[in-house]
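Everything below belongs to start_13.csv, which stores CSV, N, CA and C atoms.
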chain,number,residue,atom,x,y,z
A,147,MET,N,151.3,65.0,26.6
A,147,MET,CA,151.6,65.3,28.0
A,147,MET,C,151.1,64.2,28.9
A,148,PHE,N,149.8,63.7,28.7
A,148,PHE,CA,149.3,62.6,29.5
A,148,PHE,C,150.1,61.4,29.3
A,149,TRP,N,150.6,61.1,28.1
A,149,TRP,CA,151.4,59.9,27.9
A,149,TRP,C,152.7,59.9,28.7
A,150,LEU,N,153.3,61.1,28.7
A,150,LEU,CA,154.6,61.2,29.4
A,150,LEU,C,154.4,61.0,30.9
A,151,ARG,N,153.3,61.6,31.4
A,151,ARG,CA,153.0,61.5,32.9
A,151,ARG,C,152.7,60.0,33.2
A,152,ARG,N,152.0,59.3,32.3
A,152,ARG,CA,151.7,57.9,32.5
A,152,ARG,C,152.9,57.1,32.5
A,153,CYS,N,153.9,57.3,31.6
A,153,CYS,CA,155.1,56.6,31.6
A,153,CYS,C,156.0,56.8,32.8
A,154,ARG,N,156.0,58.1,33.3
A,154,ARG,CA,156.8,58.4,34.5
A,154,ARG,C,156.2,57.6,35.7
A,155,ARG,N,154.9,57.5,35.8
A,155,ARG,CA,154.3,56.8,36.9
A,155,ARG,C,154.5,55.3,36.8
A,156,ALA,N,154.6,54.8,35.6
A,156,ALA,CA,154.8,53.4,35.4
A,156,ALA,C,156.2,53.0,35.9
A,157,SER,N,157.1,53.9,35.9
A,157,SER,CA,158.5,53.6,36.3
A,157,SER,C,158.7,53.9,37.7
A,158,GLY,N,157.7,54.4,38.5
A,158,GLY,CA,157.9,54.7,39.9
A,158,GLY,C,158.0,53.5,40.8
A,159,PRO,N,158.0,53.7,42.1
A,159,PRO,CA,158.2,52.6,43.0
A,159,PRO,C,157.0,51.6,43.0
A,160,GLY,N,157.2,50.4,43.2
A,160,GLY,CA,156.1,49.4,43.3
A,160,GLY,C,155.4,49.5,44.6
A,161,ASN,N,154.4,48.7,44.8
A,161,ASN,CA,153.5,48.8,46.0
A,161,ASN,C,154.3,48.6,47.3
A,162,GLU,N,155.2,47.5,47.3
A,162,GLU,CA,156.0,47.2,48.5
A,162,GLU,C,156.9,48.4,48.8
A,163,GLU,N,157.6,48.9,47.8
A,163,GLU,CA,158.6,50.0,48.0
A,163,GLU,C,157.8,51.2,48.4
A,164,GLN,N,156.6,51.4,47.8
A,164,GLN,CA,155.8,52.6,48.2
A,164,GLN,C,155.5,52.6,49.7
A,165,ARG,N,155.1,51.4,50.2
A,165,ARG,CA,154.8,51.3,51.6
A,165,ARG,C,156.0,51.5,52.5
A,166,ALA,N,157.1,51.0,52.1
A,166,ALA,CA,158.4,51.3,52.8
A,166,ALA,C,158.7,52.8,52.8
A,167,LEU,N,158.5,53.4,51.7
A,167,LEU,CA,158.8,54.9,51.6
A,167,LEU,C,157.9,55.6,52.5
A,168,GLU,N,156.6,55.2,52.5
A,168,GLU,CA,155.6,55.9,53.3
A,168,GLU,C,156.0,55.7,54.8
A,169,GLY,N,156.5,54.6,55.2
A,169,GLY,CA,156.9,54.3,56.6
A,169,GLY,C,158.1,55.3,56.9
A,170,TRP,N,159.0,55.4,55.9
A,170,TRP,CA,160.1,56.3,56.1
A,170,TRP,C,159.6,57.8,56.3
A,171,VAL,N,158.6,58.2,55.6
A,171,VAL,CA,158.1,59.5,55.7
A,171,VAL,C,157.5,59.7,57.1
A,172,ARG,N,156.8,58.7,57.6
A,172,ARG,CA,156.2,58.8,58.9
A,172,ARG,C,157.3,59.0,60.0
A,173,LEU,N,158.3,58.2,59.8
A,173,LEU,CA,159.5,58.3,60.8
A,173,LEU,C,160.1,59.6,60.7
A,174,ARG,N,160.3,60.1,59.5
A,174,ARG,CA,160.9,61.5,59.3
A,174,ARG,C,160.1,62.5,60.0
A,175,PHE,N,158.7,62.4,59.9
A,175,PHE,CA,157.9,63.4,60.6
A,175,PHE,C,158.1,63.3,62.2
A,176,GLN,N,158.2,62.1,62.7
A,176,GLN,CA,158.4,61.9,64.1
A,176,GLN,C,159.7,62.5,64.5
A,177,LEU,N,160.8,62.3,63.8
A,177,LEU,CA,162.1,62.7,64.2
A,177,LEU,C,162.3,64.2,64.0
A,178,ALA,N,161.6,64.8,63.0
A,178,ALA,CA,161.8,66.2,62.7
A,178,ALA,C,160.6,67.1,63.1
A,179,SER,N,159.8,66.6,64.1
A,179,SER,CA,158.6,67.3,64.5
A,179,SER,C,158.9,68.8,64.9
A,180,SER,N,160.1,69.1,65.3
A,180,SER,CA,160.3,70.5,65.7
A,180,SER,C,160.4,71.4,64.5
A,181,ASP,N,160.7,70.9,63.3
A,181,ASP,CA,160.8,71.8,62.1
A,181,ASP,C,160.1,71.0,61.0
A,182,LEU,N,158.8,71.2,61.0
A,182,LEU,CA,157.9,70.4,60.1
A,182,LEU,C,158.2,70.7,58.6
A,183,MET,N,158.5,71.9,58.3
A,183,MET,CA,158.7,72.3,56.9
A,183,MET,C,159.9,71.5,56.3
A,184,ILE,N,161.0,71.5,57.1
A,184,ILE,CA,162.2,70.7,56.7
A,184,ILE,C,161.9,69.2,56.5
A,185,ALA,N,161.0,68.7,57.4
A,185,ALA,CA,160.6,67.3,57.3
A,185,ALA,C,159.8,67.1,56.0
A,186,ILE,N,158.9,68.0,55.7
A,186,ILE,CA,158.1,67.9,54.5
A,186,ILE,C,159.0,67.9,53.2
A,187,ILE,N,159.9,68.9,53.2
A,187,ILE,CA,160.8,69.0,52.0
A,187,ILE,C,161.6,67.8,51.9
A,188,GLY,N,162.2,67.3,53.0
A,188,GLY,CA,163.0,66.1,52.9
A,188,GLY,C,162.3,64.9,52.5
A,189,ALA,N,161.0,64.7,52.9
A,189,ALA,CA,160.2,63.6,52.6
A,189,ALA,C,159.8,63.6,51.1
A,190,VAL,N,159.5,64.8,50.6
A,190,VAL,CA,159.1,64.8,49.2
A,190,VAL,C,160.4,64.5,48.3
A,191,GLY,N,161.5,65.1,48.7
A,191,GLY,CA,162.7,64.8,48.0
A,191,GLY,C,163.1,63.3,48.0
A,192,ARG,N,162.9,62.6,49.1
A,192,ARG,CA,163.2,61.2,49.2
A,192,ARG,C,162.3,60.4,48.2
A,193,LEU,N,161.0,60.8,48.2
A,193,LEU,CA,160.0,60.0,47.4
A,193,LEU,C,160.3,60.3,45.9
A,194,THR,N,160.7,61.5,45.5
A,194,THR,CA,161.0,61.8,44.1
A,194,THR,C,162.3,61.1,43.7
A,195,ASN,N,163.2,61.1,44.6
A,195,ASN,CA,164.5,60.3,44.3
A,195,ASN,C,164.3,58.9,44.1
A,196,ALA,N,163.2,58.3,44.7
A,196,ALA,CA,162.9,56.9,44.6
A,196,ALA,C,162.1,56.7,43.3
A,197,GLY,N,161.8,57.7,42.5
A,197,GLY,CA,161.1,57.5,41.3
A,197,GLY,C,159.7,58.0,41.2
A,198,MET,N,159.2,58.6,42.3
A,198,MET,CA,157.8,59.0,42.3
A,198,MET,C,157.7,60.4,41.6
A,199,ASP,N,156.6,60.6,41.0
A,199,ASP,CA,156.3,61.9,40.3
A,199,ASP,C,156.2,63.0,41.5
A,200,GLU,N,156.7,64.2,41.2
A,200,GLU,CA,156.7,65.2,42.2
A,200,GLU,C,155.3,65.5,42.8
A,201,ASP,N,154.3,65.6,42.0
A,201,ASP,CA,152.9,65.8,42.4
A,201,ASP,C,152.4,64.7,43.3
A,202,ASP,N,152.7,63.5,42.9
A,202,ASP,CA,152.3,62.3,43.7
A,202,ASP,C,153.0,62.3,45.0
A,203,ALA,N,154.3,62.6,45.0
A,203,ALA,CA,155.1,62.6,46.2
A,203,ALA,C,154.6,63.7,47.2
A,204,THR,N,154.2,64.8,46.7
A,204,THR,CA,153.7,65.9,47.5
A,204,THR,C,152.4,65.5,48.1
A,205,GLU,N,151.5,64.9,47.3
A,205,GLU,CA,150.2,64.4,47.8
A,205,GLU,C,150.3,63.3,48.8
A,206,THR,N,151.3,62.4,48.6
A,206,THR,CA,151.5,61.3,49.6
A,206,THR,C,152.0,61.9,50.9
A,207,VAL,N,153.0,62.8,50.9
A,207,VAL,CA,153.5,63.4,52.1
A,207,VAL,C,152.4,64.2,52.9
A,208,LEU,N,151.6,64.9,52.1
A,208,LEU,CA,150.5,65.7,52.8
A,208,LEU,C,149.5,64.8,53.4
A,209,ARG,N,149.2,63.7,52.7
A,209,ARG,CA,148.2,62.7,53.2
A,209,ARG,C,148.7,62.1,54.5
A,210,ILE,N,150.0,61.7,54.5
A,210,ILE,CA,150.6,61.1,55.7
A,210,ILE,C,150.6,62.1,56.8
A,211,LEU,N,150.9,63.3,56.5
A,211,LEU,CA,150.9,64.3,57.5
A,211,LEU,C,149.5,64.5,58.2
A,212,ARG,N,148.5,64.5,57.3
A,212,ARG,CA,147.1,64.6,57.8
A,212,ARG,C,146.7,63.4,58.7
A,213,GLU,N,147.2,62.2,58.2
A,213,GLU,CA,146.9,61.0,59.0
A,213,GLU,C,147.5,61.0,60.3
A,214,SER,N,148.7,61.6,60.4
A,214,SER,CA,149.5,61.5,61.7
A,214,SER,C,148.9,62.5,62.8
A,215,GLU,N,148.1,63.4,62.4
A,215,GLU,CA,147.5,64.4,63.3
A,215,GLU,C,146.3,63.7,64.0
A,216,PRO,N,146.1,63.8,65.3
A,216,PRO,CA,145.0,63.2,66.0
A,216,PRO,C,143.6,63.8,65.5
A,217,ASP,N,143.5,65.0,65.2
A,217,ASP,CA,142.3,65.6,64.8
A,217,ASP,C,142.2,65.8,63.3
A,218,GLY,N,143.1,65.2,62.5
A,218,GLY,CA,143.1,65.2,61.1
A,218,GLY,C,143.6,66.5,60.5
A,219,ARG,N,144.1,67.5,61.3
A,219,ARG,CA,144.6,68.8,60.8
A,219,ARG,C,146.1,68.8,61.0
A,220,PRO,N,146.8,69.4,60.0
A,220,PRO,CA,148.3,69.6,60.2
A,220,PRO,C,148.6,70.6,61.2
Starting from the file, give its structure as structure tokens.
Amino acid sequence: MFWLRRCRRASGPGNEEQRALEGWVRLRFQLASSDLMIAIIGAVGRLTNAGMDEDDATETVLRILRESEPDGRP
């Protein structure tokens, strides 16, 4: 199981693509701030479509969401 997860991560987006995708997630949150759940679902979907593992995509989206809040809370 660990081997499979490691292989899936190795085929995910590179650092530059990762930063671009994270920028897209931030923009998505700004544009869809009236319905945050839809923004979260869409952002996770975009990251997984780009090759990111679902758990990693979810963690990335939630980290970005926490970073975007002034007091650190969603």
Item checked: Atom-to-atom span, atom N of Leu208 in chain A and CA of Phe175 in chain A, Å -> 10.7 Å
Item checked: Contact residues around Pro159 in chain A with all atoms listed in the file at 6 Å, ignoring same-chain residues under 3 positions, as a PyMOL selection string -> chain A and resi 163-164+196-198
Note to self: Which polymer residues, whether protein, DNA or RNA, lie within 12 Å of the coordinate (153.2, 63.0, 43.8) when you count only C-alpha atoms? List them as a list of chain:residue names, using the chain letters and numbers from the file.
What the structure shows: A:Arg151, A:Arg154, A:Arg155, A:Gly158, A:Pro159, A:Gln164, A:Ala189, A:Val190, A:Gly191, A:Arg192, A:Leu193, A:Thr194, A:Asn195, A:Ala196, A:Gly197, A:Met198, A:Asp199, A:Glu200, A:Asp201, A:Asp202, A:Ala203, A:Thr204, A:Glu205, A:Thr206, A:Val207, A:Leu208, A:Arg209
Note to self: One number please: CA of Asp181 in chain A to atom C of Leu167 in chain A, in Å, one decimal.
What the structure shows: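 Distance reported for this atom pair: 19.1 Å.
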Notebook entry, point to check: How far is it from CA of Ala185 in chain A to CA of Glu213 in chain A, in Å with one decimal?
Noted result: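 Taking CA of Ala185 in chain A and CA of Glu213 in chain A, their separation equals 15.2 Å.
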Note to self: Let me make sure I understand: among A:Gly188, A:Met183, A:Gln176, A:Gly160, which one has the smallest atom-to-atom distance to Glu215 in chain A if we use only C-alpha atoms?
What the structure shows: A:Gln176
